[in-house]
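Listing of protein.cif; format and content: mmCIF, N, CA and C atoms.
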data_data
loop_
_atom_site.label_atom_id
_atom_site.label_comp_id
_atom_site.auth_asym_id
_atom_site.auth_seq_id
_atom_site.Cartn_x
_atom_site.Cartn_y
_atom_site.Cartn_z
N MET R 1054 -12.83 -25.78 11.08
CA MET R 1054 -11.51 -25.30 10.71
C MET R 1054 -11.23 -25.66 9.26
N ILE R 1055 -10.67 -24.72 8.53
CA ILE R 1055 -10.35 -24.94 7.11
C ILE R 1055 -8.96 -25.57 7.01
N LYS R 1056 -8.90 -26.68 6.30
CA LYS R 1056 -7.60 -27.30 6.08
C LYS R 1056 -6.81 -26.48 5.07
N ASN R 1057 -5.50 -26.42 5.28
CA ASN R 1057 -4.60 -25.72 4.38
C ASN R 1057 -4.91 -24.23 4.25
N ALA R 1058 -5.53 -23.64 5.27
CA ALA R 1058 -5.81 -22.20 5.25
C ALA R 1058 -4.48 -21.45 5.33
N ILE R 1059 -4.34 -20.47 4.45
CA ILE R 1059 -3.12 -19.67 4.42
C ILE R 1059 -3.52 -18.22 4.62
N ILE R 1060 -2.85 -17.57 5.56
CA ILE R 1060 -3.05 -16.14 5.74
C ILE R 1060 -1.90 -15.45 5.01
N ARG R 1061 -2.24 -14.58 4.11
CA ARG R 1061 -1.23 -13.88 3.32
C ARG R 1061 -0.78 -12.63 4.06
N SER R 1062 0.51 -12.49 4.26
CA SER R 1062 1.07 -11.32 4.95
C SER R 1062 1.53 -10.31 3.91
N THR R 1063 0.94 -9.12 3.96
CA THR R 1063 1.26 -8.08 2.98
C THR R 1063 1.58 -6.78 3.70
N VAL R 1064 2.07 -5.83 2.92
CA VAL R 1064 2.38 -4.48 3.41
C VAL R 1064 1.85 -3.46 2.41
N ALA R 1065 1.59 -2.26 2.91
CA ALA R 1065 1.20 -1.14 2.05
C ALA R 1065 1.69 0.14 2.71
N CYS R 1066 2.01 1.13 1.90
CA CYS R 1066 2.63 2.33 2.44
C CYS R 1066 1.95 3.60 1.92
N VAL R 1067 1.52 4.45 2.85
CA VAL R 1067 0.97 5.76 2.52
C VAL R 1067 2.13 6.74 2.49
N ILE R 1068 2.34 7.35 1.33
CA ILE R 1068 3.44 8.30 1.14
C ILE R 1068 2.83 9.60 0.67
N GLN R 1069 3.02 10.65 1.47
CA GLN R 1069 2.40 11.94 1.16
C GLN R 1069 3.48 12.99 0.93
N ARG R 1070 3.25 13.80 -0.10
CA ARG R 1070 4.11 14.95 -0.39
C ARG R 1070 3.17 16.12 -0.62
N ASN R 1071 3.23 17.11 0.26
CA ASN R 1071 2.29 18.23 0.24
C ASN R 1071 0.87 17.66 0.33
N ASP R 1072 -0.01 17.96 -0.61
CA ASP R 1072 -1.38 17.47 -0.52
C ASP R 1072 -1.64 16.29 -1.46
N ARG R 1073 -0.58 15.59 -1.85
CA ARG R 1073 -0.72 14.48 -2.80
C ARG R 1073 -0.12 13.20 -2.23
N PHE R 1074 -0.68 12.07 -2.68
CA PHE R 1074 -0.27 10.75 -2.23
C PHE R 1074 0.29 9.96 -3.40
N LEU R 1075 1.38 9.24 -3.15
CA LEU R 1075 2.00 8.42 -4.19
C LEU R 1075 1.19 7.14 -4.37
N MET R 1076 0.69 6.95 -5.58
CA MET R 1076 -0.13 5.79 -5.90
C MET R 1076 0.46 5.06 -7.10
N VAL R 1077 0.20 3.75 -7.15
CA VAL R 1077 0.61 2.97 -8.30
C VAL R 1077 -0.64 2.55 -9.07
N GLU R 1078 -0.52 2.52 -10.38
CA GLU R 1078 -1.60 2.08 -11.25
C GLU R 1078 -1.20 0.71 -11.78
N GLU R 1079 -2.10 -0.26 -11.63
CA GLU R 1079 -1.79 -1.64 -11.97
C GLU R 1079 -2.81 -2.22 -12.95
N ALA R 1080 -2.31 -3.00 -13.87
CA ALA R 1080 -3.19 -3.77 -14.75
C ALA R 1080 -3.43 -5.11 -14.05
N ARG R 1081 -4.69 -5.40 -13.72
CA ARG R 1081 -5.01 -6.63 -12.99
C ARG R 1081 -5.85 -7.58 -13.82
N GLY R 1082 -5.89 -7.37 -15.14
CA GLY R 1082 -6.62 -8.28 -16.00
C GLY R 1082 -8.06 -7.88 -16.26
N GLY R 1083 -8.51 -6.81 -15.65
CA GLY R 1083 -9.87 -6.34 -15.89
C GLY R 1083 -9.91 -5.35 -17.04
N ARG R 1084 -11.07 -4.76 -17.22
CA ARG R 1084 -11.23 -3.79 -18.31
C ARG R 1084 -10.44 -2.50 -18.04
N GLN R 1085 -10.30 -2.16 -16.76
CA GLN R 1085 -9.59 -0.93 -16.41
C GLN R 1085 -8.47 -1.24 -15.42
N THR R 1086 -7.50 -0.35 -15.37
CA THR R 1086 -6.46 -0.47 -14.37
C THR R 1086 -7.04 -0.11 -13.00
N VAL R 1087 -6.32 -0.49 -11.94
CA VAL R 1087 -6.71 -0.15 -10.58
C VAL R 1087 -5.56 0.59 -9.90
N PHE R 1088 -5.89 1.27 -8.81
CA PHE R 1088 -4.92 2.08 -8.09
C PHE R 1088 -4.73 1.55 -6.68
N ASN R 1089 -3.50 1.66 -6.19
CA ASN R 1089 -3.14 1.15 -4.88
C ASN R 1089 -1.99 1.97 -4.32
N GLN R 1090 -1.78 1.87 -3.03
CA GLN R 1090 -0.51 2.36 -2.49
C GLN R 1090 0.57 1.38 -2.94
N PRO R 1091 1.82 1.80 -2.90
CA PRO R 1091 2.87 0.80 -3.10
C PRO R 1091 2.66 -0.30 -2.05
N ALA R 1092 2.60 -1.54 -2.50
CA ALA R 1092 2.22 -2.63 -1.62
C ALA R 1092 2.71 -3.96 -2.18
N GLY R 1093 2.72 -4.97 -1.33
CA GLY R 1093 3.09 -6.29 -1.81
C GLY R 1093 3.20 -7.27 -0.67
N HIS R 1094 3.68 -8.45 -1.00
CA HIS R 1094 3.78 -9.55 -0.04
C HIS R 1094 5.09 -9.48 0.74
N VAL R 1095 5.02 -9.90 1.99
CA VAL R 1095 6.22 -10.08 2.80
C VAL R 1095 6.86 -11.39 2.35
N GLU R 1096 8.13 -11.33 1.97
CA GLU R 1096 8.84 -12.51 1.48
C GLU R 1096 9.41 -13.31 2.65
N PRO R 1097 9.67 -14.61 2.44
CA PRO R 1097 10.29 -15.41 3.51
C PRO R 1097 11.59 -14.78 3.99
N GLY R 1098 11.77 -14.75 5.30
CA GLY R 1098 12.98 -14.19 5.89
C GLY R 1098 12.95 -12.67 6.02
N GLU R 1099 11.84 -12.06 5.71
CA GLU R 1099 11.72 -10.60 5.69
C GLU R 1099 10.67 -10.17 6.72
N GLY R 1100 10.87 -9.03 7.34
CA GLY R 1100 9.87 -8.46 8.22
C GLY R 1100 9.06 -7.42 7.46
N PRO R 1101 7.97 -6.92 8.07
CA PRO R 1101 7.11 -5.98 7.37
C PRO R 1101 7.77 -4.64 7.02
N MET R 1102 8.66 -4.14 7.86
CA MET R 1102 9.31 -2.87 7.53
C MET R 1102 10.25 -3.02 6.34
N ALA R 1103 11.04 -4.07 6.35
CA ALA R 1103 11.95 -4.32 5.23
C ALA R 1103 11.15 -4.57 3.95
N ALA R 1104 10.04 -5.31 4.06
CA ALA R 1104 9.21 -5.57 2.89
C ALA R 1104 8.63 -4.28 2.33
N THR R 1105 8.23 -3.38 3.20
CA THR R 1105 7.66 -2.11 2.75
C THR R 1105 8.69 -1.30 1.98
N LEU R 1106 9.88 -1.16 2.52
CA LEU R 1106 10.93 -0.40 1.83
C LEU R 1106 11.24 -1.01 0.47
N ARG R 1107 11.31 -2.34 0.42
CA ARG R 1107 11.59 -3.04 -0.85
C ARG R 1107 10.47 -2.83 -1.85
N GLU R 1108 9.23 -3.03 -1.41
CA GLU R 1108 8.09 -2.89 -2.33
C GLU R 1108 7.95 -1.47 -2.86
N VAL R 1109 8.14 -0.48 -2.01
CA VAL R 1109 8.05 0.91 -2.47
C VAL R 1109 9.09 1.16 -3.55
N GLN R 1110 10.31 0.72 -3.32
CA GLN R 1110 11.37 0.95 -4.31
C GLN R 1110 11.09 0.17 -5.60
N GLU R 1111 10.64 -1.09 -5.48
CA GLU R 1111 10.38 -1.89 -6.68
C GLU R 1111 9.22 -1.34 -7.51
N GLU R 1112 8.20 -0.80 -6.83
CA GLU R 1112 6.99 -0.37 -7.55
C GLU R 1112 7.01 1.09 -7.97
N THR R 1113 7.85 1.92 -7.32
CA THR R 1113 7.81 3.36 -7.62
C THR R 1113 9.17 3.96 -7.93
N ALA R 1114 10.25 3.26 -7.62
CA ALA R 1114 11.62 3.76 -7.73
C ALA R 1114 11.91 4.87 -6.72
N TRP R 1115 11.06 4.99 -5.69
CA TRP R 1115 11.30 5.96 -4.63
C TRP R 1115 11.97 5.27 -3.44
N GLN R 1116 12.97 5.94 -2.88
CA GLN R 1116 13.54 5.55 -1.61
C GLN R 1116 12.82 6.39 -0.56
N VAL R 1117 12.31 5.75 0.48
CA VAL R 1117 11.51 6.45 1.48
C VAL R 1117 12.03 6.17 2.88
N THR R 1118 11.56 6.98 3.83
CA THR R 1118 11.84 6.75 5.24
C THR R 1118 10.52 6.44 5.93
N LEU R 1119 10.44 5.27 6.55
CA LEU R 1119 9.25 4.93 7.31
C LEU R 1119 9.18 5.82 8.55
N THR R 1120 7.98 6.33 8.83
CA THR R 1120 7.81 7.22 9.99
C THR R 1120 6.84 6.68 11.02
N ASP R 1121 5.81 5.95 10.58
CA ASP R 1121 4.77 5.48 11.49
C ASP R 1121 4.19 4.16 11.01
N TYR R 1122 3.57 3.45 11.95
CA TYR R 1122 2.88 2.20 11.66
C TYR R 1122 1.38 2.46 11.78
N LEU R 1123 0.63 2.19 10.74
CA LEU R 1123 -0.81 2.40 10.75
C LEU R 1123 -1.55 1.26 11.44
N GLY R 1124 -0.94 0.11 11.52
CA GLY R 1124 -1.56 -1.03 12.16
C GLY R 1124 -1.74 -2.19 11.21
N LEU R 1125 -2.40 -3.21 11.73
CA LEU R 1125 -2.66 -4.43 10.97
C LEU R 1125 -4.10 -4.39 10.47
N TYR R 1126 -4.26 -4.45 9.17
CA TYR R 1126 -5.57 -4.46 8.54
C TYR R 1126 -5.87 -5.89 8.09
N VAL R 1127 -6.97 -6.44 8.56
CA VAL R 1127 -7.37 -7.79 8.18
C VAL R 1127 -8.43 -7.66 7.09
N PHE R 1128 -8.18 -8.33 5.96
CA PHE R 1128 -9.08 -8.22 4.81
C PHE R 1128 -9.43 -9.61 4.31
N HIS R 1129 -10.73 -9.87 4.17
CA HIS R 1129 -11.23 -11.14 3.64
C HIS R 1129 -11.80 -10.87 2.25
N THR R 1130 -11.30 -11.56 1.25
CA THR R 1130 -11.80 -11.36 -0.11
C THR R 1130 -13.07 -12.17 -0.33
N PRO R 1131 -13.86 -11.78 -1.32
CA PRO R 1131 -15.06 -12.57 -1.65
C PRO R 1131 -14.72 -14.02 -2.03
N GLU R 1132 -13.49 -14.24 -2.50
CA GLU R 1132 -13.06 -15.60 -2.89
C GLU R 1132 -12.64 -16.44 -1.69
N GLY R 1133 -12.68 -15.86 -0.49
CA GLY R 1133 -12.34 -16.61 0.71
C GLY R 1133 -10.90 -16.51 1.15
N LEU R 1134 -10.13 -15.62 0.56
CA LEU R 1134 -8.74 -15.42 0.97
C LEU R 1134 -8.68 -14.44 2.13
N THR R 1135 -7.70 -14.63 3.01
CA THR R 1135 -7.50 -13.72 4.14
C THR R 1135 -6.13 -13.08 4.02
N PHE R 1136 -6.11 -11.75 4.13
CA PHE R 1136 -4.86 -10.99 4.10
C PHE R 1136 -4.68 -10.28 5.42
N HIS R 1137 -3.47 -10.33 5.95
CA HIS R 1137 -3.05 -9.49 7.07
C HIS R 1137 -2.11 -8.46 6.47
N SER R 1138 -2.61 -7.24 6.35
CA SER R 1138 -1.86 -6.18 5.67
C SER R 1138 -1.35 -5.16 6.68
N HIS R 1139 -0.04 -5.04 6.75
CA HIS R 1139 0.59 -4.05 7.62
C HIS R 1139 0.63 -2.70 6.89
N GLY R 1140 0.05 -1.68 7.50
CA GLY R 1140 0.06 -0.36 6.91
C GLY R 1140 1.13 0.53 7.52
N PHE R 1141 1.83 1.25 6.68
CA PHE R 1141 2.89 2.15 7.13
C PHE R 1141 2.70 3.54 6.52
N ILE R 1142 3.33 4.51 7.15
CA ILE R 1142 3.43 5.86 6.61
C ILE R 1142 4.91 6.12 6.37
N ALA R 1143 5.23 6.78 5.25
CA ALA R 1143 6.62 7.10 4.94
C ALA R 1143 6.70 8.47 4.29
N THR R 1144 7.88 9.05 4.36
CA THR R 1144 8.15 10.29 3.65
C THR R 1144 9.06 9.96 2.46
N PRO R 1145 8.82 10.61 1.32
CA PRO R 1145 9.68 10.36 0.15
C PRO R 1145 11.03 11.05 0.32
N ASP R 1146 12.09 10.34 -0.01
CA ASP R 1146 13.43 10.91 0.11
C ASP R 1146 14.04 11.20 -1.26
N VAL R 1147 14.26 10.14 -2.04
CA VAL R 1147 14.97 10.25 -3.31
C VAL R 1147 14.29 9.37 -4.34
N MET R 1148 14.10 9.92 -5.54
CA MET R 1148 13.63 9.09 -6.64
C MET R 1148 14.86 8.53 -7.34
N LEU R 1149 14.90 7.21 -7.42
CA LEU R 1149 16.04 6.53 -8.01
C LEU R 1149 15.82 6.35 -9.51
N SER R 1150 16.86 5.97 -10.21
CA SER R 1150 16.74 5.75 -11.66
C SER R 1150 16.42 4.30 -11.99
N SER R 1151 16.16 3.49 -10.97
CA SER R 1151 15.90 2.07 -11.20
C SER R 1151 14.54 1.87 -11.86
N PRO R 1152 14.40 0.82 -12.68
CA PRO R 1152 13.10 0.55 -13.32
C PRO R 1152 12.09 0.07 -12.28
N ILE R 1153 10.80 0.24 -12.60
CA ILE R 1153 9.75 -0.24 -11.69
C ILE R 1153 9.22 -1.58 -12.20
N ASP R 1154 8.53 -2.30 -11.30
CA ASP R 1154 7.97 -3.61 -11.65
C ASP R 1154 7.13 -3.51 -12.92
N SER R 1155 7.18 -4.56 -13.72
CA SER R 1155 6.48 -4.55 -15.00
C SER R 1155 4.97 -4.57 -14.86
N ASP R 1156 4.44 -5.00 -13.71
CA ASP R 1156 2.99 -5.01 -13.55
C ASP R 1156 2.44 -3.65 -13.11
N ILE R 1157 3.32 -2.68 -12.88
CA ILE R 1157 2.91 -1.31 -12.58
C ILE R 1157 2.90 -0.53 -13.89
N THR R 1158 1.74 -0.01 -14.27
CA THR R 1158 1.66 0.71 -15.54
C THR R 1158 2.10 2.16 -15.40
N ALA R 1159 1.96 2.73 -14.19
CA ALA R 1159 2.37 4.12 -13.96
C ALA R 1159 2.32 4.42 -12.46
N THR R 1160 3.03 5.46 -12.07
CA THR R 1160 2.91 5.99 -10.71
C THR R 1160 2.33 7.39 -10.80
N HIS R 1161 1.61 7.78 -9.78
CA HIS R 1161 0.93 9.08 -9.78
C HIS R 1161 0.98 9.71 -8.39
N TRP R 1162 1.06 11.03 -8.34
CA TRP R 1162 0.86 11.78 -7.10
C TRP R 1162 -0.55 12.34 -7.18
N LEU R 1163 -1.47 11.79 -6.38
CA LEU R 1163 -2.88 12.15 -6.46
C LEU R 1163 -3.38 12.81 -5.18
N THR R 1164 -4.36 13.70 -5.33
CA THR R 1164 -4.98 14.32 -4.17
C THR R 1164 -5.97 13.33 -3.55
N LEU R 1165 -6.40 13.63 -2.33
CA LEU R 1165 -7.40 12.81 -1.67
C LEU R 1165 -8.69 12.77 -2.50
N ASN R 1166 -9.08 13.89 -3.07
CA ASN R 1166 -10.28 13.93 -3.91
C ASN R 1166 -10.13 13.05 -5.15
N ASP R 1167 -8.93 13.06 -5.76
CA ASP R 1167 -8.67 12.18 -6.90
C ASP R 1167 -8.87 10.71 -6.51
N ILE R 1168 -8.36 10.35 -5.34
CA ILE R 1168 -8.41 8.97 -4.88
C ILE R 1168 -9.85 8.58 -4.53
N LYS R 1169 -10.59 9.51 -3.91
CA LYS R 1169 -12.01 9.24 -3.62
C LYS R 1169 -12.80 9.04 -4.91
N ALA R 1170 -12.49 9.83 -5.94
CA ALA R 1170 -13.17 9.67 -7.24
C ALA R 1170 -12.86 8.31 -7.85
N LEU R 1171 -11.62 7.85 -7.71
CA LEU R 1171 -11.27 6.51 -8.20
C LEU R 1171 -12.03 5.45 -7.43
N GLY R 1172 -12.20 5.66 -6.12
CA GLY R 1172 -12.99 4.73 -5.32
C GLY R 1172 -14.44 4.70 -5.77
N ASP R 1173 -15.00 5.86 -6.06
CA ASP R 1173 -16.39 5.94 -6.55
C ASP R 1173 -16.54 5.22 -7.88
N ALA R 1174 -15.47 5.20 -8.67
CA ALA R 1174 -15.49 4.52 -9.97
C ALA R 1174 -15.07 3.05 -9.86
N ASP R 1175 -14.92 2.55 -8.62
CA ASP R 1175 -14.52 1.16 -8.36
C ASP R 1175 -13.17 0.84 -8.98
N ARG R 1176 -12.22 1.79 -8.84
CA ARG R 1176 -10.90 1.58 -9.42
C ARG R 1176 -9.80 1.53 -8.37
N LEU R 1177 -10.17 1.36 -7.09
CA LEU R 1177 -9.16 1.14 -6.05
C LEU R 1177 -9.00 -0.37 -5.87
N ARG R 1178 -7.78 -0.80 -5.66
CA ARG R 1178 -7.49 -2.24 -5.57
C ARG R 1178 -8.29 -2.93 -4.48
N SER R 1179 -8.48 -2.23 -3.35
CA SER R 1179 -9.30 -2.77 -2.27
C SER R 1179 -9.84 -1.61 -1.44
N PRO R 1180 -10.80 -1.88 -0.57
CA PRO R 1180 -11.32 -0.82 0.30
C PRO R 1180 -10.27 -0.31 1.29
N LEU R 1181 -9.20 -1.07 1.48
CA LEU R 1181 -8.15 -0.65 2.42
C LEU R 1181 -7.36 0.55 1.91
N VAL R 1182 -7.34 0.78 0.62
CA VAL R 1182 -6.55 1.88 0.05
C VAL R 1182 -6.97 3.20 0.66
N LEU R 1183 -8.24 3.52 0.57
CA LEU R 1183 -8.75 4.78 1.10
C LEU R 1183 -8.73 4.79 2.62
N LYS R 1184 -9.01 3.64 3.24
CA LYS R 1184 -9.02 3.56 4.71
C LYS R 1184 -7.65 3.89 5.29
N ARG R 1185 -6.57 3.37 4.67
CA ARG R 1185 -5.22 3.65 5.16
C ARG R 1185 -4.91 5.14 5.04
N ILE R 1186 -5.28 5.76 3.92
CA ILE R 1186 -5.02 7.18 3.73
C ILE R 1186 -5.79 8.00 4.77
N GLU R 1187 -7.05 7.68 4.96
CA GLU R 1187 -7.86 8.42 5.93
C GLU R 1187 -7.30 8.26 7.35
N ASN R 1188 -6.85 7.06 7.70
CA ASN R 1188 -6.24 6.86 9.02
C ASN R 1188 -4.95 7.66 9.16
N ALA R 1189 -4.16 7.72 8.11
CA ALA R 1189 -2.92 8.50 8.15
C ALA R 1189 -3.23 9.98 8.33
N ILE R 1190 -4.21 10.49 7.60
CA ILE R 1190 -4.58 11.90 7.72
C ILE R 1190 -5.07 12.23 9.13
N LYS R 1191 -5.81 11.31 9.72
CA LYS R 1191 -6.36 11.53 11.06
C LYS R 1191 -5.34 11.29 12.17
N GLY R 1192 -4.14 10.88 11.80
CA GLY R 1192 -3.10 10.63 12.80
C GLY R 1192 -3.29 9.34 13.59
N ARG R 1193 -4.04 8.41 13.03
CA ARG R 1193 -4.27 7.13 13.68
C ARG R 1193 -3.12 6.18 13.37
N SER R 1194 -2.02 6.39 14.06
CA SER R 1194 -0.83 5.57 13.80
C SER R 1194 -0.08 5.32 15.08
N PHE R 1195 0.92 4.47 14.99
CA PHE R 1195 1.71 4.04 16.13
C PHE R 1195 3.19 4.22 15.81
N PRO R 1196 4.02 4.32 16.84
CA PRO R 1196 5.46 4.40 16.60
C PRO R 1196 5.97 3.11 15.95
N LEU R 1197 6.99 3.23 15.11
CA LEU R 1197 7.57 2.05 14.46
C LEU R 1197 8.10 1.04 15.48
N ALA R 1198 8.39 1.50 16.70
CA ALA R 1198 8.94 0.62 17.73
C ALA R 1198 7.98 -0.50 18.13
N VAL R 1199 6.71 -0.42 17.73
CA VAL R 1199 5.77 -1.51 18.05
C VAL R 1199 6.05 -2.74 17.18
N ILE R 1200 6.85 -2.58 16.13
CA ILE R 1200 7.24 -3.70 15.27
C ILE R 1200 8.62 -4.17 15.72
N HIS R 1201 8.74 -5.44 15.96
CA HIS R 1201 10.03 -6.02 16.36
C HIS R 1201 10.48 -6.97 15.26
N GLU R 1202 11.40 -6.50 14.42
CA GLU R 1202 11.89 -7.34 13.31
C GLU R 1202 13.19 -7.99 13.71
#
Just give me the structure of the file as structure tokens.
Amino acid sequence: MIKNAIIRSTVACVIQRNDRFLMVEEARGGRQTVFNQPAGHVEPGEGPMAATLREVQEETAWQVTLTDYLGLYVFHTPEGLTFHSHGFIATPDVMLSSPIDSDITATHWLTLNDIKALGDADRLRSPLVLKRIENAIKGRSFPLAVIHE
């Protein structure tokens, strides 16, 4: 057993409009930016649905409606960190005039082929990015009622 092991609780949201997905471009200190769904950590006192709505608004300035739960994705990094990432699907409602987080360099509406090309170029934040989108497209989701906040 690892002493002081911490499991990081995160959320990510697949947002589709027509044939495009809302993605954020982030500078992570490497030579190139990386792409992700709107995502982030669940804060103390917050549940995964509330965290998702907050993170989407902070990172994209979009107000969305959650429609489905994609499930819990467990991800182990090469550095030995463990993430429990809750995946959600949402529909875009209103783009607000609020500023986005400073670590987001841009937001984009990208096609699945665009996102696959970014994956081929090793520019997706994690392997979960494409997996969540593919699961959403295939209808592999659950009702939001499975989450009890």
Between atom C of Leu1177 (chain R) and atom N of Asn1089 (chain R), what distance in Å does the model show, to one decimal?
5.9 Å
Care to translate the PyMOL selection byres (((chain R and resi 1105-1121 and name CA) around 10) and name CA) into actual residues of this file, as a PyMOL selection string?
chain R and resi 1063-1068+1075-1079+1090-1095+1099-1104+1122-1124+1139-1161+1189+1192-1199
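Interatomic distance, atom N of Thr1086 (chain R) against CA of Thr1164 (chain R): 18.6 Å.
CA of Gly1133 (chain R) sits 27.5 Å away from CA of Ala1170 (chain R).
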Please report, as a PyMOL selection string, each residue of region 1062-1184 of chain R to which DSSP assigns helix (DSSP H, G or I) when run on this structure's backbone.
chain R and resi 1101-1113+1165-1173+1181-1184
